[in-house]
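Asker: coords27.cif (mmCIF, C-alpha atoms) pasted underneath:
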```
data_coords
#
loop_
_atom_site.group_PDB
_atom_site.id
_atom_site.type_symbol
_atom_site.label_atom_id
_atom_site.label_comp_id
_atom_site.auth_asym_id
_atom_site.auth_seq_id
_atom_site.Cartn_x
_atom_site.Cartn_y
_atom_site.Cartn_z
ATOM 1 C CA MET A 16 -14.357 29.145 35.797
ATOM 2 C CA SER A 17 -15.354 25.796 37.305
ATOM 3 C CA ALA A 18 -13.450 22.555 36.655
ATOM 4 C CA LEU A 19 -16.392 21.274 34.585
ATOM 5 C CA GLU A 20 -16.459 24.407 32.443
ATOM 6 C CA ASN A 21 -12.690 24.149 31.942
ATOM 7 C CA ASP A 22 -13.009 20.503 30.859
ATOM 8 C CA ASP A 23 -15.715 21.484 28.356
ATOM 9 C CA LYS A 24 -13.471 24.246 26.970
ATOM 10 C CA ILE A 25 -10.542 21.838 26.570
ATOM 11 C CA LYS A 26 -12.805 19.321 24.830
ATOM 12 C CA SER A 27 -14.215 21.917 22.433
ATOM 13 C CA THR A 28 -10.689 23.093 21.582
ATOM 14 C CA ALA A 29 -9.590 19.515 20.876
ATOM 15 C CA ASP A 30 -12.698 18.972 18.714
ATOM 16 C CA LEU A 31 -11.923 22.125 16.727
ATOM 17 C CA GLN A 32 -8.282 21.114 16.209
ATOM 18 C CA PHE A 33 -9.344 17.667 15.033
ATOM 19 C CA LEU A 34 -11.884 19.155 12.630
ATOM 20 C CA LYS A 35 -9.237 21.469 11.147
ATOM 21 C CA LEU A 36 -6.848 18.534 10.750
ATOM 22 C CA LYS A 37 -9.548 16.404 9.130
ATOM 23 C CA THR A 38 -10.616 19.168 6.742
ATOM 24 C CA ALA A 39 -7.025 19.812 5.669
ATOM 25 C CA LYS A 40 -6.346 16.113 5.062
ATOM 26 C CA LEU A 41 -9.517 15.363 3.115
ATOM 27 C CA SER A 42 -9.141 18.457 0.936
ATOM 28 C CA SER A 43 -5.472 17.819 0.111
ATOM 29 C CA VAL A 44 -4.097 16.173 -3.020
ATOM 30 C CA ASP A 45 -3.831 12.369 -2.908
ATOM 31 C CA LEU A 46 -0.077 11.722 -3.024
ATOM 32 C CA SER A 47 -0.326 7.948 -3.454
ATOM 33 C CA LYS A 48 1.085 6.354 -6.602
ATOM 34 C CA LYS A 49 -2.411 5.688 -7.935
ATOM 35 C CA GLY A 50 -3.702 9.106 -6.902
ATOM 36 C CA SER A 51 -7.172 7.973 -5.822
ATOM 37 C CA ILE A 52 -9.035 5.611 -3.490
ATOM 38 C CA ASP A 53 -9.528 2.101 -4.878
ATOM 39 C CA GLU A 54 -13.025 1.714 -6.314
ATOM 40 C CA PRO A 55 -14.092 -1.355 -4.229
ATOM 41 C CA ILE A 56 -13.576 0.475 -0.916
ATOM 42 C CA ARG A 57 -14.819 3.973 -1.812
ATOM 43 C CA PRO A 58 -18.225 3.482 -0.115
ATOM 44 C CA LEU A 59 -16.512 2.291 3.081
ATOM 45 C CA ILE A 60 -14.052 5.204 3.124
ATOM 46 C CA ARG A 61 -16.844 7.719 2.443
ATOM 47 C CA LYS A 62 -18.938 6.377 5.342
ATOM 48 C CA LEU A 63 -15.942 6.420 7.667
ATOM 49 C CA ASN A 64 -15.043 9.993 6.774
ATOM 50 C CA ASN A 65 -18.641 11.064 7.418
ATOM 51 C CA LEU A 66 -18.193 10.110 11.090
ATOM 52 C CA GLN A 67 -16.992 13.153 13.013
ATOM 53 C CA ASP A 68 -14.359 11.356 15.122
ATOM 54 C CA TYR A 69 -12.446 9.722 12.243
ATOM 55 C CA PHE A 70 -10.817 10.268 8.886
ATOM 56 C CA SER A 71 -8.802 8.038 6.559
ATOM 57 C CA LEU A 72 -5.061 8.560 6.117
ATOM 58 C CA SER A 73 -4.242 5.851 3.563
ATOM 59 C CA SER A 74 -5.833 2.724 2.151
ATOM 60 C CA CYS A 75 -5.571 -0.136 -0.328
ATOM 61 C CA SER A 76 -8.332 -2.569 -1.253
ATOM 62 C CA GLY A 77 -5.858 -5.428 -1.784
ATOM 63 C CA ARG A 78 -3.359 -6.169 -4.535
ATOM 64 C CA VAL A 79 -0.952 -8.600 -6.186
ATOM 65 C CA MET A 80 2.576 -7.348 -6.798
ATOM 66 C CA ILE A 81 5.243 -9.053 -8.901
ATOM 67 C CA ALA A 82 8.670 -7.436 -8.937
ATOM 68 C CA SER A 83 12.317 -8.302 -9.540
ATOM 69 C CA LYS A 84 15.267 -7.260 -7.419
ATOM 70 C CA GLU A 85 18.036 -6.941 -9.984
ATOM 71 C CA ARG A 86 21.619 -5.800 -9.462
ATOM 72 C CA ASN A 87 23.178 -3.226 -11.771
ATOM 73 C CA ASN A 88 26.720 -2.010 -11.048
ATOM 74 C CA ASP A 89 26.438 -3.205 -7.444
ATOM 75 C CA LYS A 90 23.157 -1.348 -7.006
ATOM 76 C CA GLN A 91 19.863 -3.114 -6.415
ATOM 77 C CA ASN A 92 17.042 -1.999 -8.713
ATOM 78 C CA ILE A 93 13.374 -2.912 -8.476
ATOM 79 C CA SER A 94 11.661 -3.820 -11.748
ATOM 80 C CA TRP A 95 7.881 -3.984 -11.514
ATOM 81 C CA HIS A 96 6.090 -6.555 -13.651
ATOM 82 C CA ALA A 97 2.587 -6.261 -12.171
ATOM 83 C CA ASN A 98 0.666 -4.258 -9.577
ATOM 84 C CA LEU A 99 -2.882 -5.576 -9.774
ATOM 85 C CA HIS A 100 -5.922 -4.690 -7.679
ATOM 86 C CA HIS A 101 -7.817 -7.678 -9.037
ATOM 87 C CA CYS A 102 -7.231 -11.424 -9.059
ATOM 88 C CA PRO A 103 -5.084 -12.299 -12.100
ATOM 89 C CA SER A 104 -6.021 -15.101 -14.451
ATOM 90 C CA TYR A 105 -3.655 -18.033 -14.905
ATOM 91 C CA ASP A 106 -2.199 -16.547 -18.111
ATOM 92 C CA GLU A 107 -1.843 -13.065 -16.599
ATOM 93 C CA LEU A 108 -0.036 -14.536 -13.625
ATOM 94 C CA LYS A 109 2.249 -16.779 -15.673
ATOM 95 C CA ASN A 110 3.188 -14.039 -18.157
ATOM 96 C CA ASN A 111 4.431 -11.804 -15.338
ATOM 97 C CA LEU A 112 6.675 -14.408 -13.701
ATOM 98 C CA LYS A 113 9.894 -13.119 -15.261
ATOM 99 C CA GLY A 114 13.104 -11.288 -14.433
ATOM 100 C CA GLN A 115 15.787 -12.081 -11.874
ATOM 101 C CA ASN A 116 15.045 -12.785 -8.200
ATOM 102 C CA THR A 117 11.363 -12.106 -8.749
ATOM 103 C CA ILE A 118 8.989 -12.010 -5.792
ATOM 104 C CA LEU A 119 5.231 -12.455 -5.901
ATOM 105 C CA LYS A 120 3.339 -10.842 -3.064
ATOM 106 C CA TYR A 121 -0.325 -10.606 -2.182
ATOM 107 C CA GLU A 122 -1.223 -7.732 0.153
ATOM 108 C CA PRO A 123 -4.779 -7.689 1.550
ATOM 109 C CA PHE A 124 -6.881 -4.654 2.431
ATOM 110 C CA VAL A 125 -5.133 -2.113 4.630
ATOM 111 C CA LEU A 126 -6.488 1.095 6.111
ATOM 112 C CA HIS A 127 -5.014 3.730 8.403
ATOM 113 C CA VAL A 128 -7.509 5.861 10.284
ATOM 114 C CA GLN A 129 -6.884 8.987 12.354
ATOM 115 C CA CYS A 130 -9.064 8.781 15.477
ATOM 116 C CA LYS A 131 -9.876 11.816 17.623
ATOM 117 C CA ASP A 132 -8.953 10.097 20.891
ATOM 118 C CA PHE A 133 -8.750 6.708 22.590
ATOM 119 C CA MET A 134 -12.476 6.626 23.321
ATOM 120 C CA ALA A 135 -13.129 6.976 19.585
ATOM 121 C CA ALA A 136 -10.378 4.550 18.555
ATOM 122 C CA LYS A 137 -11.356 1.698 20.889
ATOM 123 C CA PRO A 138 -14.764 0.782 19.360
ATOM 124 C CA LEU A 139 -13.458 1.074 15.787
ATOM 125 C CA LEU A 140 -10.588 -1.275 16.646
ATOM 126 C CA SER A 141 -13.103 -3.709 18.132
ATOM 127 C CA HIS A 142 -15.191 -3.611 14.934
ATOM 128 C CA ALA A 143 -12.075 -4.196 12.808
ATOM 129 C CA LEU A 144 -11.038 -7.237 14.852
ATOM 130 C CA GLN A 145 -14.546 -8.692 14.830
ATOM 131 C CA SER A 146 -14.743 -8.215 11.060
ATOM 132 C CA GLY A 147 -11.710 -10.468 10.534
ATOM 133 C CA PHE A 148 -8.860 -7.949 10.521
ATOM 134 C CA ARG A 149 -6.943 -9.772 13.250
ATOM 135 C CA ASN A 150 -3.697 -7.896 12.685
ATOM 136 C CA SER A 151 -5.199 -4.488 13.515
ATOM 137 C CA GLY A 152 -3.840 -2.214 16.213
ATOM 138 C CA LEU A 153 -3.537 1.307 17.614
ATOM 139 C CA ILE A 154 -0.601 3.710 17.475
ATOM 140 C CA PRO A 155 -0.556 6.743 19.816
ATOM 141 C CA ALA A 156 -0.292 10.043 17.946
ATOM 142 C CA LYS A 157 0.011 13.704 18.932
ATOM 143 C CA GLN A 158 -2.383 15.538 21.268
ATOM 144 C CA GLY A 159 -4.132 12.405 22.505
ATOM 145 C CA ARG A 160 -5.080 11.181 19.039
ATOM 146 C CA TYR A 161 -4.635 7.589 17.852
ATOM 147 C CA VAL A 162 -3.991 6.025 14.458
ATOM 148 C CA LEU A 163 -5.805 2.752 13.816
ATOM 149 C CA GLY A 164 -4.166 0.311 11.426
ATOM 150 C CA VAL A 165 -6.719 -2.112 9.955
ATOM 151 C CA ARG A 166 -4.981 -5.232 8.629
ATOM 152 C CA SER A 167 -5.603 -8.957 8.238
ATOM 153 C CA THR A 168 -3.291 -11.970 8.098
ATOM 154 C CA LEU A 169 -4.017 -12.898 4.472
ATOM 155 C CA THR A 170 -0.584 -11.814 3.227
ATOM 156 C CA LEU A 171 1.285 -14.118 0.827
ATOM 157 C CA GLU A 172 4.882 -13.739 -0.370
ATOM 158 C CA LEU A 173 7.163 -16.146 -2.222
ATOM 159 C CA PRO A 174 10.056 -16.186 -4.715
ATOM 160 C CA VAL A 175 9.141 -17.262 -8.248
ATOM 161 C CA THR A 176 12.427 -16.867 -10.177
ATOM 162 C CA ASN A 177 16.102 -17.223 -9.251
ATOM 163 C CA GLU A 178 19.077 -14.940 -9.913
ATOM 164 C CA ASN A 179 19.369 -16.343 -13.447
ATOM 165 C CA GLY A 180 15.754 -15.545 -14.269
ATOM 166 C CA GLU A 181 14.699 -19.203 -14.210
ATOM 167 C CA ILE A 182 11.140 -19.877 -13.048
ATOM 168 C CA LEU A 183 11.159 -21.815 -9.775
ATOM 169 C CA VAL A 184 7.588 -23.095 -9.964
ATOM 170 C CA SER A 185 5.835 -25.534 -12.291
ATOM 171 C CA GLU A 186 2.714 -24.838 -14.338
ATOM 172 C CA THR A 187 0.731 -26.969 -11.899
ATOM 173 C CA TYR A 188 2.022 -24.853 -9.027
ATOM 174 C CA ILE A 189 1.071 -21.654 -10.887
ATOM 175 C CA GLU A 190 -2.478 -23.018 -11.186
ATOM 176 C CA ILE A 191 -2.534 -23.687 -7.434
ATOM 177 C CA LEU A 192 -1.068 -20.242 -6.775
ATOM 178 C CA GLN A 193 -3.741 -18.549 -8.905
ATOM 179 C CA LYS A 194 -6.502 -20.386 -7.013
ATOM 180 C CA THR A 195 -4.902 -19.438 -3.685
ATOM 181 C CA ILE A 196 -4.779 -15.765 -4.634
ATOM 182 C CA GLU A 197 -8.389 -15.961 -5.828
ATOM 183 C CA SER A 198 -9.392 -17.407 -2.452
ATOM 184 C CA LYS A 199 -7.544 -14.666 -0.579
ATOM 185 C CA PHE A 200 -9.240 -11.936 -2.621
ATOM 186 C CA ALA A 201 -12.625 -13.524 -1.856
ATOM 187 C CA GLN A 202 -11.925 -13.706 1.874
ATOM 188 C CA ASN A 203 -10.588 -10.159 1.796
ATOM 189 C CA ASP A 204 -13.883 -8.984 0.261
ATOM 190 C CA ILE A 205 -15.814 -10.713 3.056
ATOM 191 C CA TYR A 206 -13.805 -8.906 5.736
ATOM 192 C CA ILE A 207 -14.281 -5.551 3.987
ATOM 193 C CA LYS A 208 -18.049 -6.088 3.738
ATOM 194 C CA ARG A 209 -18.272 -6.990 7.435
ATOM 195 C CA PHE A 210 -16.293 -3.885 8.384
ATOM 196 C CA GLU A 211 -18.461 -1.646 6.218
ATOM 197 C CA GLU A 212 -21.588 -3.125 7.803
ATOM 198 C CA SER A 213 -20.158 -2.450 11.269
ATOM 199 C CA ILE A 214 -19.581 1.205 10.299
ATOM 200 C CA ASP A 215 -23.214 1.366 9.133
ATOM 201 C CA LYS A 216 -24.226 0.180 12.621
ATOM 202 C CA MET A 217 -22.033 2.864 14.227
ATOM 203 C CA VAL A 218 -23.778 5.507 12.127
ATOM 204 C CA GLU A 219 -27.207 4.125 13.049
ATOM 205 C CA ASN A 220 -26.339 3.958 16.766
ATOM 206 C CA LYS A 221 -25.137 7.567 16.757
ATOM 207 C CA LYS A 222 -28.361 8.600 15.020
ATOM 208 C CA GLU A 223 -30.464 6.765 17.620
ATOM 209 C CA ASN A 224 -28.481 8.340 20.466
ATOM 210 C CA ARG A 225 -29.049 11.837 19.022
ATOM 211 C CA GLU A 226 -32.781 11.150 18.675
ATOM 212 C CA THR A 227 -32.915 9.920 22.286
ATOM 213 C CA LEU A 228 -31.185 13.083 23.507
ATOM 214 C CA ILE A 229 -33.639 15.249 21.553
ATOM 215 C CA ASP A 230 -36.596 13.335 23.052
ATOM 216 C CA LEU A 231 -35.166 13.816 26.560
ATOM 217 C CA GLU A 232 -34.687 17.545 25.942
ATOM 218 C CA ASN A 233 -38.281 17.866 24.724
ATOM 219 C CA LEU A 234 -39.505 15.923 27.775
ATOM 220 C CA ASN A 235 -37.565 18.182 30.143
ATOM 221 C CA THR A 236 -38.882 21.280 28.371
ATOM 222 C CA SER A 237 -42.487 20.165 28.559
ATOM 223 C CA SER A 238 -42.098 19.135 32.222
ATOM 224 C CA SER A 239 -40.528 22.426 33.316
ATOM 225 C CA GLY A 240 -43.709 24.405 32.738
#
```
Mind converting the file's structure to structure tokens?
Answerer:
Amino acid sequence: MSALENDDKIKSTADLQFLKLKTAKLSSVDLSKKGSIDEPIRPLIRKLNNLQDYFSLSSCSGRVMIASKERNNDKQNISWHANLHHCPSYDELKNNLKGQNTILKYEPFVLHVQCKDFMAAKPLLSHALQSGFRNSGLIPAKQGRYVLGVRSTLTLELPVTNENGEILVSETYIEILQKTIESKFAQNDIYIKRFEESIDKMVENKKENRETLIDLENLNTSSSG
């Protein structure tokens, strides 16, 4: 067996292992708390998973969380007041600012993608960065694979009540906070749309490359006679 044939065999084995891993992941039960992909990003995730070199591991379209860290018999308990995947209204926001040591946090879109290898991971990382997800990066995984974390810098976190349950912010500040969160959701949507459009371009480029290869094969066939 030549070195070239051996390289092709290794590559085909790696492709088969990746396909088995992808099939197992995408056919497994969603173990997230929600149990399903967030509606706003389903088209993006579907397009990504249709590309042979990638599959999604976890995702969130963006959310607002309001929770209290309360002590009970020297143990710290988390009490959730809100976990919203939409921008809250002023009243919705204000009504959930309660409890002791309550934190409000906005988390933007996040996506973890299993990539077949570095050559597959590199262009997807570039698309993520160009789309606005400036906090994205690669993590080496087993057997030459890479996990891409797609993240932006739109995160917001601040305390809203003290240990006595007293609200630390005024009504005017809550209005400003609601507008700020609204702005972050809007910017988050822009980044997601850009990223989805870049995946569309990847699909189109792969299609054009396949068509070019087919044309070359037909040309070689017709010329060989």
Asker: So the first atom is CA of Asn92 in chain A and the second is CA of Gly114 in chain A; what is the distance between them in Å, to one decimal place?
Answerer: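 For CA of Asn92 in chain A relative to CA of Gly114 in chain A, the distance reads 11.6 Å.
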Asker: How many Å separate CA of Pro103 in chain A from CA of Ile207 in chain A?
Answerer: 19.7 Å
Asker: Counting all atoms listed in the file, figure out which residue out of A:Lys113, A:Leu171, A:Val79, A:Lys199 gets nearest to Val184 in chain A.
Answerer: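 Of the candidates, the smallest distance to Val184 in chain A is held by A:Lys113.
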Asker: Could you check the closest approach to Ile196 in chain A for each of A:Ser27, A:Ser104, A:Asn110, A:Asn116 and tell me which residue wins, using only C-alpha atoms?
Answerer: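 Checking each of A:Ser27, A:Ser104, A:Asn110, A:Asn116 against Ile196 in chain A, counting only C-alpha atoms, the winner is A:Ser104.
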Asker: Spell out the residues picked by the PyMOL selection byres ((chain A and resi 177) around 12) here, as a ChimeraX atom specification.
Answerer: /A:83-85,112-118,173-176,178-184
Asker: Leaving out Ser141 in chain A and any residue of its chain fewer than 5 positions from it, which residues lie within 12 Å of it when counting only C-alpha atoms, given as a ChimeraX atom specification?
Answerer: /A:134-136,146-153,163-165,210,213-214,217
Asker: For this structure, which residues satisfy the selection - the PyMOL selection byres ((chain A and resi 158) around 12) - when it is evaluated on the file as given? I want them as an mmCIF file with C-alpha atoms, in the coordinates of the input.
Answerer:
```
data_model
loop_
_atom_site.group_PDB
_atom_site.id
_atom_site.type_symbol
_atom_site.label_atom_id
_atom_site.label_comp_id
_atom_site.auth_asym_id
_atom_site.auth_seq_id
_atom_site.Cartn_x
_atom_site.Cartn_y
_atom_site.Cartn_z
ATOM 1 C CA ILE A 25 -10.542 21.838 26.570
ATOM 2 C CA LYS A 26 -12.805 19.321 24.830
ATOM 3 C CA THR A 28 -10.689 23.093 21.582
ATOM 4 C CA ALA A 29 -9.590 19.515 20.876
ATOM 5 C CA ASP A 30 -12.698 18.972 18.714
ATOM 6 C CA GLN A 32 -8.282 21.114 16.209
ATOM 7 C CA PHE A 33 -9.344 17.667 15.033
ATOM 8 C CA LEU A 36 -6.848 18.534 10.750
ATOM 9 C CA GLN A 129 -6.884 8.987 12.354
ATOM 10 C CA CYS A 130 -9.064 8.781 15.477
ATOM 11 C CA LYS A 131 -9.876 11.816 17.623
ATOM 12 C CA ASP A 132 -8.953 10.097 20.891
ATOM 13 C CA PHE A 133 -8.750 6.708 22.590
ATOM 14 C CA PRO A 155 -0.556 6.743 19.816
ATOM 15 C CA ALA A 156 -0.292 10.043 17.946
ATOM 16 C CA LYS A 157 0.011 13.704 18.932
ATOM 17 C CA GLY A 159 -4.132 12.405 22.505
ATOM 18 C CA ARG A 160 -5.080 11.181 19.039
ATOM 19 C CA TYR A 161 -4.635 7.589 17.852
ATOM 20 C CA VAL A 162 -3.991 6.025 14.458
#
```
Asker: Nearest to His101 in chain A among A:Lys216, A:His142, A:Arg61, A:Arg78, with distances taken over only C-alpha atoms: which residue is it?
Answerer: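 Under the stated criterion, the closest residue is A:Arg78.
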Asker: With the PyMOL selection byres ((chain A and resi 58) around 12) as the selection, what would be picked from this file? Answer as a PDB file with C-alpha atoms, keeping the file's coordinate frame, please.
Answerer:
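The resulting file, selection-v1.pdb, is reproduced below:
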```
ATOM      1  CA  ILE A  52      -9.035   5.611  -3.490  1.00  0.00           C
ATOM      2  CA  ASP A  53      -9.528   2.101  -4.878  1.00  0.00           C
ATOM      3  CA  GLU A  54     -13.025   1.714  -6.314  1.00  0.00           C
ATOM      4  CA  PRO A  55     -14.092  -1.355  -4.229  1.00  0.00           C
ATOM      5  CA  ILE A  56     -13.576   0.475  -0.916  1.00  0.00           C
ATOM      6  CA  ARG A  57     -14.819   3.973  -1.812  1.00  0.00           C
ATOM      7  CA  LEU A  59     -16.512   2.291   3.081  1.00  0.00           C
ATOM      8  CA  ILE A  60     -14.052   5.204   3.124  1.00  0.00           C
ATOM      9  CA  ARG A  61     -16.844   7.719   2.443  1.00  0.00           C
ATOM     10  CA  LYS A  62     -18.938   6.377   5.342  1.00  0.00           C
ATOM     11  CA  LEU A  63     -15.942   6.420   7.667  1.00  0.00           C
ATOM     12  CA  ASN A  64     -15.043   9.993   6.774  1.00  0.00           C
ATOM     13  CA  ASN A  65     -18.641  11.064   7.418  1.00  0.00           C
ATOM     14  CA  SER A  76      -8.332  -2.569  -1.253  1.00  0.00           C
ATOM     15  CA  ILE A 207     -14.281  -5.551   3.987  1.00  0.00           C
ATOM     16  CA  LYS A 208     -18.049  -6.088   3.738  1.00  0.00           C
ATOM     17  CA  PHE A 210     -16.293  -3.885   8.384  1.00  0.00           C
ATOM     18  CA  GLU A 211     -18.461  -1.646   6.218  1.00  0.00           C
ATOM     19  CA  GLU A 212     -21.588  -3.125   7.803  1.00  0.00           C
ATOM     20  CA  ILE A 214     -19.581   1.205  10.299  1.00  0.00           C
ATOM     21  CA  ASP A 215     -23.214   1.366   9.133  1.00  0.00           C
TER      22      ASP A 215
END
```
Asker: What gap, in Å, lies between CA of Asp45 in chain A and CA of Ser74 in chain A?
Answerer: 11.1 Å
Asker: Which of these residues is nearest to Lys37 in chain A, using all atoms listed in the file: A:Leu192, A:Val128, A:Ile81, A:Leu119?
Answerer: A:Val128
Asker: Given only C-alpha atoms as the basis, pick out the residue of A:Ala201, A:Ala82, A:Cys75, A:Ala97 nearest to Arg166 in chain A.
Answerer: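 With only C-alpha atoms as the atom set, the closest residue is A:Cys75.
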Asker: Could you check which of A:Thr168, A:Leu72, A:Leu99, A:Leu140 is closest to Val44 in chain A, using all atoms listed in the file?
Answerer: A:Leu72
Asker: Box time for range 189-206 of chain A: axis-aligned, enclosing all its listed atoms, 3 Å extra on each side; report centre and edge lengths in Å to one decimal, as AutoDock Vina command-line options.
Answerer:
```
--center_x -7.4 --center_y -16.3 --center_z -2.7 --size_x 22.9 --size_y 20.8 --size_z 22.9
```
Asker: Just want the 9 Å neighbourhood of Glu186 in chain A, counted on only C-alpha atoms, with same-chain residues fewer than 4 positions away dropped. Output as an MDAnalysis selection string.
Answerer: chainID A and resid 109 190:191
